[in-house]
>>> print(open('my_file29.txt').read())   # compact mmCIF, C-alpha atoms
# COMPACT_ATOMS: atom_id res chain seq x y z
CA MET A 6 112.60 107.56 90.74
CA PRO A 7 114.22 110.22 88.53
CA SER A 8 113.62 113.83 89.49
CA ASN A 9 113.20 116.82 87.20
CA ASN A 10 114.74 119.11 89.83
CA PRO A 11 118.27 120.52 89.45
CA TYR A 12 120.94 118.49 91.21
CA ASP A 13 121.29 119.41 94.89
CA PRO A 14 124.70 118.62 96.47
CA THR A 15 123.78 120.06 99.89
CA GLY A 16 125.44 118.19 102.75
CA ILE A 17 126.80 115.34 100.61
CA GLU A 18 130.11 113.82 101.70
CA HIS A 19 132.23 110.95 100.39
CA PHE A 20 133.91 108.14 102.29
CA PRO A 21 136.80 106.38 100.51
CA ILE A 22 137.16 102.61 100.84
CA LYS A 23 140.47 101.11 99.71
CA ASP A 24 140.67 97.71 98.04
CA PHE A 25 136.93 97.08 98.12
CA ARG A 26 136.10 93.61 96.82
CA PHE A 27 133.08 93.39 94.52
CA SER A 28 131.04 90.20 94.27
CA ASP A 29 132.49 89.52 90.78
CA GLY A 30 136.01 89.45 92.26
CA THR A 31 137.06 92.95 91.20
CA VAL A 32 139.17 94.70 93.84
CA LYS A 33 139.49 98.47 93.61
CA ASP A 34 139.23 101.70 95.55
CA ILE A 35 135.72 103.20 95.74
CA ARG A 36 133.93 106.18 97.25
CA VAL A 37 130.56 106.01 99.00
CA ALA A 38 128.44 109.18 98.94
CA TYR A 39 126.26 109.90 101.94
CA ARG A 40 124.53 112.64 103.90
CA SER A 41 124.30 112.77 107.69
CA ILE A 42 121.10 114.35 109.06
CA ASN A 43 120.48 115.07 112.75
CA PRO A 44 123.95 113.91 113.84
CA GLY A 45 124.33 113.34 117.54
CA ARG A 46 121.02 111.56 118.00
CA GLU A 47 121.35 108.24 119.80
CA LYS A 48 119.28 106.11 117.44
CA ILE A 49 120.55 105.51 113.90
CA ALA A 50 118.56 105.06 110.67
CA LEU A 51 120.11 104.11 107.33
CA LEU A 52 118.28 105.05 104.12
CA PRO A 53 119.74 103.67 100.85
CA THR A 54 118.76 105.38 97.60
CA CYS A 55 116.36 103.86 95.06
CA PHE A 56 116.59 103.41 91.29
CA GLY A 57 116.82 106.87 89.74
CA GLY A 58 117.12 108.30 93.23
CA LEU A 59 119.74 110.71 94.55
CA ILE A 60 120.62 111.45 98.15
CA ASN A 61 118.73 114.73 98.46
CA ASP A 62 115.70 113.44 96.53
CA THR A 63 115.24 110.53 98.96
CA LEU A 64 112.18 110.55 101.22
CA ASN A 65 113.87 110.67 104.62
CA PHE A 66 111.04 111.17 107.17
CA LYS A 67 113.28 113.64 109.03
CA ASP A 68 110.30 115.75 110.09
CA SER A 69 108.07 112.83 111.04
CA ALA A 70 108.92 109.21 111.84
CA LEU A 71 112.69 109.78 112.08
CA LYS A 72 112.78 113.23 113.68
CA ASN A 73 114.56 111.76 116.72
CA TYR A 74 117.03 109.68 114.70
CA HIS A 75 120.45 110.30 113.26
CA ILE A 76 119.64 109.66 109.59
CA ILE A 77 122.33 108.48 107.18
CA VAL A 78 121.21 108.60 103.55
CA VAL A 79 123.61 106.61 101.39
CA ALA A 80 123.91 106.53 97.60
CA MET A 81 124.03 103.18 95.88
CA LEU A 82 127.14 102.28 93.98
CA GLY A 83 126.23 103.02 90.36
CA ASN A 84 123.91 105.97 91.03
CA GLY A 85 126.38 108.65 89.91
CA GLU A 86 127.09 110.01 93.41
CA SER A 87 128.98 107.00 94.77
CA THR A 88 131.49 105.19 92.55
CA SER A 89 129.72 104.52 89.24
CA PRO A 90 130.40 103.88 85.54
CA SER A 91 129.93 107.62 84.93
CA ASN A 92 132.72 108.68 87.28
CA ASP A 93 135.07 105.68 87.26
CA PRO A 94 136.29 104.08 84.00
CA ALA A 95 137.46 101.05 86.01
CA PHE A 96 133.99 100.27 87.37
CA PRO A 97 133.30 96.49 87.17
CA PRO A 98 132.18 95.66 83.60
CA ASN A 99 129.35 93.57 82.18
CA TYR A 100 126.71 94.75 84.67
CA THR A 101 127.97 92.51 87.48
CA LEU A 102 127.10 94.95 90.29
CA ARG A 103 124.93 93.20 92.90
CA TYR A 104 123.04 94.12 96.06
CA GLU A 105 125.71 92.32 98.11
CA ASP A 106 128.15 95.00 96.94
CA GLN A 107 125.80 97.75 98.08
CA ILE A 108 125.39 96.28 101.56
CA ASN A 109 129.10 95.54 102.00
CA ALA A 110 130.00 99.12 101.06
CA GLN A 111 127.32 100.53 103.38
CA HIS A 112 128.41 98.28 106.24
CA THR A 113 131.98 99.51 105.82
CA LEU A 114 130.77 103.12 105.90
CA LEU A 115 128.81 102.54 109.11
CA THR A 116 131.42 100.53 110.99
CA GLN A 117 134.66 102.21 109.85
CA HIS A 118 133.57 105.82 109.38
CA PHE A 119 130.71 106.16 111.87
CA LYS A 120 132.13 103.51 114.23
CA LEU A 121 128.72 101.91 114.71
CA GLN A 122 128.29 98.56 116.44
CA SER A 123 124.57 98.33 115.74
CA LEU A 124 121.91 99.88 113.56
CA ASP A 125 118.40 100.67 114.74
CA VAL A 126 116.63 100.63 111.39
CA VAL A 127 117.13 100.44 107.63
CA ILE A 128 114.34 102.07 105.61
CA GLY A 129 114.27 101.70 101.85
CA PHE A 130 111.96 102.32 98.92
CA SER A 131 112.00 100.25 95.70
CA MET A 132 115.64 99.18 95.16
CA GLY A 133 116.20 100.70 98.60
CA GLY A 134 113.57 98.29 99.93
CA GLN A 135 115.39 95.36 98.36
CA GLN A 136 118.57 96.58 100.05
CA ALA A 137 116.69 96.62 103.35
CA TYR A 138 115.87 92.94 102.83
CA TYR A 139 119.51 92.18 102.04
CA TRP A 140 120.55 94.01 105.21
CA ALA A 141 118.04 92.01 107.28
CA HIS A 142 119.21 88.73 105.78
CA SER A 143 122.95 89.46 105.94
CA SER A 144 122.93 90.57 109.58
CA PRO A 145 122.72 87.03 111.09
CA SER A 146 125.86 85.96 109.17
CA SER A 147 127.87 89.07 110.15
CA PRO A 148 130.33 89.16 113.11
CA ASN A 149 127.50 90.79 115.07
CA PRO A 150 124.28 88.88 114.27
CA ASN A 151 122.24 91.50 116.12
CA PHE A 152 123.72 94.44 114.20
CA LEU A 153 120.39 95.36 112.61
CA LYS A 154 117.31 95.65 114.79
CA ASN A 155 114.57 96.74 112.34
CA ALA A 156 113.97 96.97 108.61
CA VAL A 157 111.25 98.80 106.68
CA VAL A 158 110.67 97.61 103.12
CA ILE A 159 108.62 100.11 101.09
CA CYS A 160 107.46 98.92 97.66
CA GLY A 161 110.27 96.38 97.42
CA SER A 162 110.71 92.62 97.56
CA ALA A 163 113.05 89.89 98.75
CA ARG A 164 113.35 88.59 95.20
CA THR A 165 112.75 90.36 91.91
CA SER A 166 109.78 88.55 90.39
CA GLY A 167 109.65 87.33 86.80
CA HIS A 168 107.03 89.97 86.00
CA ASN A 169 109.22 92.69 87.52
CA TYR A 170 112.23 91.43 85.55
CA ALA A 171 110.24 91.42 82.32
CA PHE A 172 108.96 94.97 82.92
CA LEU A 173 112.55 96.22 83.21
CA GLU A 174 113.49 94.64 79.90
CA GLY A 175 111.22 97.18 78.15
CA PRO A 176 112.99 100.42 79.17
CA ILE A 177 116.39 98.70 79.08
CA SER A 178 115.80 97.64 75.47
CA ALA A 179 114.50 101.09 74.54
CA LEU A 180 117.80 102.58 75.68
CA GLU A 181 120.14 99.89 74.40
CA THR A 182 118.65 99.86 70.90
CA SER A 183 118.63 103.64 70.46
CA HIS A 184 120.93 104.93 67.71
CA ASP A 185 122.60 107.51 69.95
CA TYR A 186 123.45 104.92 72.62
CA ASP A 187 125.33 103.21 69.76
CA GLY A 188 126.00 99.95 71.54
CA GLY A 189 127.49 101.78 74.51
CA LYS A 190 129.88 103.90 72.41
CA TYR A 191 128.18 107.20 73.19
CA ARG A 192 131.07 108.42 75.31
CA GLU A 193 133.54 107.66 72.54
CA ASN A 194 131.23 109.60 70.25
CA GLY A 195 131.28 112.54 72.65
CA ILE A 196 127.51 112.69 73.08
CA LYS A 197 124.81 111.97 75.63
CA PRO A 198 122.24 109.45 74.30
CA ARG A 199 119.27 111.73 74.92
CA GLN A 200 116.89 109.91 72.58
CA GLY A 201 117.69 106.61 74.26
CA LEU A 202 117.25 108.08 77.73
CA ARG A 203 113.95 109.69 76.76
CA ALA A 204 112.79 106.37 75.30
CA PHE A 205 113.76 104.68 78.59
CA GLY A 206 111.64 107.21 80.49
CA ARG A 207 108.60 106.78 78.24
CA ALA A 208 108.77 102.98 78.39
CA TYR A 209 108.90 103.31 82.19
CA ALA A 210 106.13 105.92 82.49
CA ALA A 211 103.01 103.73 82.38
CA TRP A 212 104.36 101.47 85.12
CA LEU A 213 105.07 104.14 87.72
CA THR A 214 101.51 104.63 88.94
CA SER A 215 98.24 102.84 88.12
CA SER A 216 95.41 102.77 85.58
CA ALA A 217 93.20 104.65 88.08
CA TRP A 218 95.87 107.35 88.40
CA PHE A 219 95.80 107.88 84.64
CA ARG A 220 92.00 107.75 84.52
CA LEU A 221 91.81 110.59 87.05
CA GLU A 222 94.50 112.51 85.13
CA LEU A 223 96.62 112.90 88.23
CA TRP A 224 99.61 113.83 86.10
CA ARG A 225 98.07 117.32 86.38
CA SER A 226 98.99 117.36 90.07
CA LEU A 227 102.62 117.00 89.00
CA GLY A 228 102.44 120.15 86.90
CA ALA A 229 101.66 118.73 83.46
CA SER A 230 98.79 120.33 81.54
CA SER A 231 98.27 117.25 79.37
CA LEU A 232 99.26 113.62 79.17
CA GLN A 233 101.48 114.43 76.22
CA GLN A 234 103.32 117.05 78.24
CA TRP A 235 103.84 114.57 81.05
CA LEU A 236 105.21 111.95 78.66
CA HIS A 237 107.19 114.43 76.55
CA PRO A 238 108.25 117.24 78.91
CA THR A 239 109.63 120.45 77.51
CA GLY A 240 113.37 120.73 78.05
CA GLU A 241 115.45 118.06 79.75
CA SER A 242 113.47 115.13 81.13
CA GLY A 243 114.28 113.44 84.43
CA ALA A 244 115.77 110.45 82.62
CA GLU A 245 118.08 112.67 80.56
CA LYS A 246 119.83 113.87 83.71
CA TRP A 247 121.27 110.39 84.15
CA ASP A 248 124.20 108.63 82.54
CA ALA A 249 123.06 105.70 80.42
CA GLU A 250 125.50 103.19 81.88
CA ASP A 251 124.57 104.20 85.43
CA TYR A 252 120.95 103.48 84.56
CA LEU A 253 121.77 100.12 83.04
CA VAL A 254 124.08 98.90 85.79
CA LEU A 255 121.40 99.67 88.39
CA ALA A 256 118.61 98.10 86.34
CA ARG A 257 120.62 94.88 85.94
CA CYS A 258 121.39 94.88 89.68
CA TRP A 259 117.65 95.22 90.32
CA GLN A 260 116.85 92.33 88.00
CA ALA A 261 119.34 90.10 89.84
CA GLY A 262 117.82 90.74 93.27
CA ASP A 263 117.26 87.55 95.31
CA VAL A 264 118.18 87.21 98.99
CA GLY A 265 118.21 83.44 98.57
CA LEU A 266 121.39 83.65 96.51
CA VAL A 267 123.41 85.25 99.31
CA ASN A 268 124.67 82.17 101.06
CA PRO A 269 128.13 80.56 101.28
CA ALA A 270 126.57 77.10 101.16
CA GLY A 271 124.89 77.86 97.85
CA ARG A 272 121.27 77.90 98.97
CA SER A 273 118.97 79.34 96.30
CA GLU A 274 115.63 79.56 98.05
CA TRP A 275 114.43 83.03 99.13
CA ARG A 276 111.82 81.60 101.50
CA ASP A 277 114.51 79.82 103.52
CA ALA A 278 116.55 83.02 103.58
CA LEU A 279 113.63 84.96 105.07
CA LYS A 280 113.19 82.35 107.79
CA GLU A 281 116.69 83.22 109.01
CA VAL A 282 115.97 86.94 109.45
CA GLY A 283 116.02 87.88 113.13
CA ALA A 284 115.24 91.59 112.74
CA ASN A 285 111.74 93.02 112.92
CA VAL A 286 110.56 93.75 109.38
CA LEU A 287 107.77 96.11 108.31
CA VAL A 288 106.69 95.27 104.75
CA MET A 289 104.79 98.11 103.06
CA PRO A 290 103.81 97.38 99.45
CA CYS A 291 101.33 99.58 97.62
CA ARG A 292 97.97 98.11 96.65
CA THR A 293 98.35 99.36 93.05
CA ASP A 294 102.11 98.89 92.52
CA GLN A 295 102.45 97.27 89.10
CA TYR A 296 105.84 95.62 89.56
CA PHE A 297 106.44 95.11 93.28
CA ALA A 298 103.08 93.42 93.78
CA TRP A 299 101.48 93.57 97.23
CA GLU A 300 100.81 89.85 97.05
CA ASP A 301 104.59 89.26 97.06
CA GLY A 302 104.88 91.22 100.30
CA GLU A 303 102.02 89.24 101.80
CA GLU A 304 103.77 85.96 101.00
CA GLU A 305 107.11 87.21 102.34
CA CYS A 306 105.56 87.96 105.73
CA ILE A 307 104.56 84.31 106.05
CA PHE A 308 108.24 83.34 106.27
CA LEU A 309 109.52 86.20 108.40
CA LYS A 310 109.77 85.47 112.13
CA HIS A 311 108.92 89.06 113.00
CA GLY A 312 107.20 90.37 109.89
CA ARG A 313 104.38 92.90 109.76
CA LEU A 314 102.40 93.75 106.62
CA GLU A 315 100.88 97.18 105.99
CA ILE A 316 99.54 97.77 102.47
CA ILE A 317 99.59 101.38 101.27
CA PRO A 318 95.97 102.17 100.21
CA SER A 319 96.81 104.39 97.26
CA ILE A 320 96.18 104.72 93.52
CA TRP A 321 99.62 106.31 93.09
CA GLY A 322 101.11 102.89 92.45
CA HIS A 323 104.83 102.40 92.94
CA ILE A 324 105.70 106.06 93.45
CA ALA A 325 103.36 106.27 96.45
CA GLY A 326 106.23 104.73 98.40
CA GLY A 327 108.68 107.38 97.25
CA GLY A 328 106.79 110.37 98.59
CA ALA A 329 104.97 111.42 95.42
CA ASN A 330 101.65 111.93 97.24
CA LYS A 331 101.50 113.79 100.58
CA GLU A 332 98.65 111.72 102.05
CA ASP A 333 100.52 108.47 101.39
CA THR A 334 103.69 109.89 102.93
CA VAL A 335 101.83 110.84 106.11
CA TRP A 336 100.23 107.37 106.24
CA MET A 337 103.61 105.66 105.88
CA GLY A 338 105.17 107.86 108.53
CA GLU A 339 102.48 106.92 111.03
CA LYS A 340 102.94 103.20 110.31
CA ILE A 341 106.71 103.50 110.76
CA VAL A 342 106.27 105.30 114.09
CA ASP A 343 103.96 102.54 115.35
CA PHE A 344 106.34 99.84 114.12
CA LEU A 345 109.42 101.35 115.77
CA LYS A 346 107.58 101.65 119.10
CA GLU A 347 107.22 97.88 119.35
>>> encode(input="my_file29.txt", output="structure tokens")
Amino acid sequence: MPSNNPYDPTGIEHFPIKDFRFSDGTVKDIRVAYRSINPGREKIALLPTCFGGLINDTLNFKDSALKNYHIIVVAMLGNGESTSPSNDPAFPPNYTLRYEDQINAQHTLLTQHFKLQSLDVVIGFSMGGQQAYYWAHSSPSSPNPNFLKNAVVICGSARTSGHNYAFLEGPISALETSHDYDGGKYRENGIKPRQGLRAFGRAYAAWLTSSAWFRLELWRSLGASSLQQWLHPTGESGAEKWDAEDYLVLARCWQAGDVGLVNPAGRSEWRDALKEVGANVLVMPCRTDQYFAWEDGEEECIFLKHGRLEIIPSIWGHIAGGGANKEDTVWMGEKIVDFLKE
């Protein structure tokens, strides 16, 4: 969820991983960006970033549900803070980055740098929520099948639905067909494809919340005096702060999300994958999310051994899960506290 705020590097560190193997077979050195909050606490919470999310923009519950946890916020590969197309010319080409790569890099960070032998909870929103599902599914096949105890999936899914995939094609196409993106040659041209990035943001805008949110003109609560100002902000928009290839590599990773594909034996059924999850999983979709539908979360809980469904009762749509509305954030924090007590 892109922010209009200036970039905040406070507390961010980088962990180098030599000879990291990507799922496409590429082997190269990478760096994983992270921030450690409340170090020294006994219980550990991992929070991966979301699409358009940066470490210090991530809702971390440090003053509520996770106040007694050591919180590790980790940047996805491709988000511009960890190794990404924007900071590494040798980043794997052709948009082959996958969620498996994210989890493998994060697992290396936790076990080699933090020396962890277990993880109390992974909490993720949107693409972070999909990573939480991948963590929950991958744990049984790791050397320590009980590595992860709990997972909280906020406005995410075990598999990217066809509708979700199709939604992403809109903003992706808006960027890729812009004249300043120039078929990906914008760096060679020495420019930033601002028109393409703005077009990406506008194509994305209607999907972020809900029709009720627009009807009540709640864009005013975000500081816009009119709908036009919200859609066409003065100065640099949130989307313009990003590198185009970082956006695209993450969007394609999102589209490819499916826990059923992560299996040495070649299984391709996400329902079977969820049946193997041993961790406790709190699934929190939003009632009005337009692309991670609450019905998907409801169905996922049928196949989880220890699944619990809590639907966010909000008209803020997808961004309710990212902390856009204070009341929703408080509600989620209370549900997470109850879940982690069990």
>>> closest_atom_pairs(input="my_file29.txt", of="region 244-346 of chain A", to="region 23-29 of chain A", cutoff="12 Å", atoms="all atoms listed in the file", output="Markdown table")
| residue | atom | partner | partner_atom | distance |
| --- | --- | --- | --- | --- |
| A:Cys258 | CA | A:Ser28 | CA | 11.7 |
| A:Leu266 | CA | A:Ser28 | CA | 11.9 |
| A:Val267 | CA | A:Ser28 | CA | 10.4 |
>>> residues_near_point(input="my_file29.txt", point="(115.4, 85.1, 104.6)", cutoff="10 Å", atoms="only C-alpha atoms", output="MDAnalysis selection string")
chainID A and resid 138:139 141:143 145 163 263:265 267 274:283 305 308:310
>>> closest_residue(input="my_file29.txt", among="A:Leu236, A:Ala211, A:Ala244, A:Leu153", to="Val286 (chain A)", atoms="all atoms listed in the file")
A:Leu153
>>> closest_residue(input="my_file29.txt", among="A:Asp185, A:Glu332, A:Glu47, A:Glu174", to="Arg257 (chain A)", atoms="all atoms listed in the file")
A:Glu174
>>> atom_distance(input="my_file29.txt", atom1="CA of Ile49 (chain A)", atom2="CA of Tyr74 (chain A)")
5.5 Å
>>> closest_residue(input="my_file29.txt", among="A:Asp62, A:Asp294, A:Asp187, A:Asp125", to="Trp218 (chain A)", atoms="all atoms listed in the file")
A:Asp294
>>> closest_residue(input="my_file29.txt", among="A:Ile60, A:Leu121, A:Leu71, A:Val37", to="Thr88 (chain A)", atoms="only C-alpha atoms")
A:Val37
>>> atom_distance(input="my_file29.txt", atom1="CA of Leu114 (chain A)", atom2="CA of Tyr39 (chain A)")
9.1 Å
>>> residues_around(input="my_file29.txt", residues="region 339-341 of chain A", least_positions_apart="3", cutoff="8 Å", atoms="all atoms listed in the file", output="list in words")
Ala70, Val157, Leu287, Glu315, Val335, Trp336, Phe344 and Leu345 of chain A
>>> closest_residue(input="my_file29.txt", among="A:Arg225, A:Tyr209, A:Asp34, A:Gly189", to="Pro98 (chain A)", atoms="all atoms listed in the file")
A:Gly189
>>> residues_around(input="my_file29.txt", residues="Lys331 (chain A)", least_positions_apart="6", cutoff="12 Å", atoms="all atoms listed in the file", output="list in words")
Leu64, Phe66, Ser226, Ser319, Trp321, Ile324, Ala325, Met337 and Gly338 of chain A
>>> atom_distance(input="my_file29.txt", atom1="CA of Thr15 (chain A)", atom2="CA of Asp68 (chain A)")
17.4 Å
>>> closest_residue(input="my_file29.txt", among="A:Pro97, A:Gly201, A:Asn285, A:Val342", to="Ser178 (chain A)", atoms="all atoms listed in the file")
A:Gly201
>>> residues_near_point(input="my_file29.txt", point="(115.8, 117.8, 83.7)", cutoff="9 Å", atoms="only C-alpha atoms", output="list in words")
Ser8, Asn9, Asn10, Pro11, Pro238, Gly240, Glu241, Ser242, Gly243, Ala244, Glu245 and Lys246 of chain A
>>> residues_around(input="my_file29.txt", residues="region 167-172 of chain A", least_positions_apart="4", cutoff="7 Å", atoms="only C-alpha atoms", output="PyMOL selection string")
chain A and resi 260+296-297
>>> decode(input="my_file29.txt", residues="region 232-314 of chain A", atoms="C-alpha atoms", output="PDB file, in the first residue's frame")
ATOM      1  CA  LEU A 232     -12.215  13.081  -5.346  1.00  0.00           C
ATOM      2  CA  GLN A 233     -10.136  14.612  -8.110  1.00  0.00           C
ATOM      3  CA  GLN A 234      -7.485  15.660  -5.620  1.00  0.00           C
ATOM      4  CA  TRP A 235      -7.400  12.155  -4.182  1.00  0.00           C
ATOM      5  CA  LEU A 236      -7.014  10.611  -7.640  1.00  0.00           C
ATOM      6  CA  HIS A 237      -4.636  13.300  -8.938  1.00  0.00           C
ATOM      7  CA  PRO A 238      -2.639  14.523  -5.917  1.00  0.00           C
ATOM      8  CA  THR A 239      -0.580  17.656  -6.168  1.00  0.00           C
ATOM      9  CA  GLY A 240       3.132  16.902  -6.318  1.00  0.00           C
ATOM     10  CA  GLU A 241       4.561  13.394  -6.258  1.00  0.00           C
ATOM     11  CA  SER A 242       1.997  10.628  -5.795  1.00  0.00           C
ATOM     12  CA  GLY A 243       2.619   7.551  -3.659  1.00  0.00           C
ATOM     13  CA  ALA A 244       3.075   5.403  -6.763  1.00  0.00           C
ATOM     14  CA  GLU A 245       5.697   7.771  -8.189  1.00  0.00           C
ATOM     15  CA  LYS A 246       7.984   7.101  -5.235  1.00  0.00           C
ATOM     16  CA  TRP A 247       8.472   3.564  -6.504  1.00  0.00           C
ATOM     17  CA  ASP A 248      10.655   2.109  -9.218  1.00  0.00           C
ATOM     18  CA  ALA A 249       8.571   0.694 -12.060  1.00  0.00           C
ATOM     19  CA  GLU A 250      10.370  -2.652 -12.225  1.00  0.00           C
ATOM     20  CA  ASP A 251      10.076  -3.109  -8.453  1.00  0.00           C
ATOM     21  CA  TYR A 252       6.332  -2.617  -8.805  1.00  0.00           C
ATOM     22  CA  LEU A 253       6.070  -5.072 -11.666  1.00  0.00           C
ATOM     23  CA  VAL A 254       8.208  -7.811 -10.134  1.00  0.00           C
ATOM     24  CA  LEU A 255       6.085  -7.715  -6.971  1.00  0.00           C
ATOM     25  CA  ALA A 256       2.800  -7.628  -8.887  1.00  0.00           C
ATOM     26  CA  ARG A 257       3.820 -10.692 -10.913  1.00  0.00           C
ATOM     27  CA  CYS A 258       4.896 -12.473  -7.718  1.00  0.00           C
ATOM     28  CA  TRP A 259       1.467 -11.676  -6.267  1.00  0.00           C
ATOM     29  CA  GLN A 260      -0.291 -13.051  -9.336  1.00  0.00           C
ATOM     30  CA  ALA A 261       1.663 -16.316  -9.057  1.00  0.00           C
ATOM     31  CA  GLY A 262       0.693 -16.925  -5.428  1.00  0.00           C
ATOM     32  CA  ASP A 263      -0.520 -20.491  -4.758  1.00  0.00           C
ATOM     33  CA  VAL A 264       0.610 -22.574  -1.768  1.00  0.00           C
ATOM     34  CA  GLY A 265      -0.426 -25.705  -3.645  1.00  0.00           C
ATOM     35  CA  LEU A 266       2.496 -25.280  -6.039  1.00  0.00           C
ATOM     36  CA  VAL A 267       5.118 -25.510  -3.298  1.00  0.00           C
ATOM     37  CA  ASN A 268       5.658 -29.235  -3.193  1.00  0.00           C
ATOM     38  CA  PRO A 269       8.557 -31.448  -4.312  1.00  0.00           C
ATOM     39  CA  ALA A 270       6.120 -34.110  -5.485  1.00  0.00           C
ATOM     40  CA  GLY A 271       4.404 -31.665  -7.821  1.00  0.00           C
ATOM     41  CA  ARG A 272       1.049 -31.374  -6.086  1.00  0.00           C
ATOM     42  CA  SER A 273      -1.005 -28.474  -7.462  1.00  0.00           C
ATOM     43  CA  GLU A 274      -3.992 -28.351  -5.139  1.00  0.00           C
ATOM     44  CA  TRP A 275      -4.101 -25.532  -2.564  1.00  0.00           C
ATOM     45  CA  ARG A 276      -6.774 -27.278  -0.488  1.00  0.00           C
ATOM     46  CA  ASP A 277      -4.492 -30.264   0.084  1.00  0.00           C
ATOM     47  CA  ALA A 278      -1.671 -27.898   1.006  1.00  0.00           C
ATOM     48  CA  LEU A 279      -3.803 -26.240   3.683  1.00  0.00           C
ATOM     49  CA  LYS A 280      -4.679 -29.621   5.181  1.00  0.00           C
ATOM     50  CA  GLU A 281      -0.978 -30.113   5.928  1.00  0.00           C
ATOM     51  CA  VAL A 282      -0.632 -26.885   7.939  1.00  0.00           C
ATOM     52  CA  GLY A 283       0.006 -27.668  11.597  1.00  0.00           C
ATOM     53  CA  ALA A 284       0.230 -24.085  12.874  1.00  0.00           C
ATOM     54  CA  ASN A 285      -2.727 -22.187  14.292  1.00  0.00           C
ATOM     55  CA  VAL A 286      -3.980 -19.762  11.641  1.00  0.00           C
ATOM     56  CA  LEU A 287      -6.113 -16.660  12.167  1.00  0.00           C
ATOM     57  CA  VAL A 288      -7.700 -15.633   8.857  1.00  0.00           C
ATOM     58  CA  MET A 289      -8.914 -12.016   8.839  1.00  0.00           C
ATOM     59  CA  PRO A 290     -10.380 -10.890   5.507  1.00  0.00           C
ATOM     60  CA  CYS A 291     -12.334  -7.651   5.226  1.00  0.00           C
ATOM     61  CA  ARG A 292     -16.036  -7.833   4.437  1.00  0.00           C
ATOM     62  CA  THR A 293     -15.664  -5.254   1.632  1.00  0.00           C
ATOM     63  CA  ASP A 294     -12.241  -6.216   0.226  1.00  0.00           C
ATOM     64  CA  GLN A 295     -12.661  -6.224  -3.547  1.00  0.00           C
ATOM     65  CA  TYR A 296      -9.813  -8.566  -4.462  1.00  0.00           C
ATOM     66  CA  PHE A 297      -9.037 -10.754  -1.443  1.00  0.00           C
ATOM     67  CA  ALA A 298     -12.669 -11.763  -0.998  1.00  0.00           C
ATOM     68  CA  TRP A 299     -13.845 -12.792   2.470  1.00  0.00           C
ATOM     69  CA  GLU A 300     -15.511 -15.846   0.962  1.00  0.00           C
ATOM     70  CA  ASP A 301     -12.049 -17.140  -0.010  1.00  0.00           C
ATOM     71  CA  GLY A 302     -10.936 -16.889   3.616  1.00  0.00           C
ATOM     72  CA  GLU A 303     -14.076 -18.683   4.737  1.00  0.00           C
ATOM     73  CA  GLU A 304     -13.364 -21.574   2.383  1.00  0.00           C
ATOM     74  CA  GLU A 305      -9.694 -21.746   3.421  1.00  0.00           C
ATOM     75  CA  CYS A 306     -10.676 -22.240   7.057  1.00  0.00           C
ATOM     76  CA  ILE A 307     -12.585 -25.378   6.097  1.00  0.00           C
ATOM     77  CA  PHE A 308      -9.303 -27.080   5.181  1.00  0.00           C
ATOM     78  CA  LEU A 309      -7.102 -25.750   7.973  1.00  0.00           C
ATOM     79  CA  LYS A 310      -6.717 -28.059  10.980  1.00  0.00           C
ATOM     80  CA  HIS A 311      -6.492 -25.113  13.351  1.00  0.00           C
ATOM     81  CA  GLY A 312      -8.068 -22.262  11.419  1.00  0.00           C
ATOM     82  CA  ARG A 313     -10.095 -19.405  12.863  1.00  0.00           C
ATOM     83  CA  LEU A 314     -12.053 -16.889  10.778  1.00  0.00           C
TER      84      LEU A 314
END
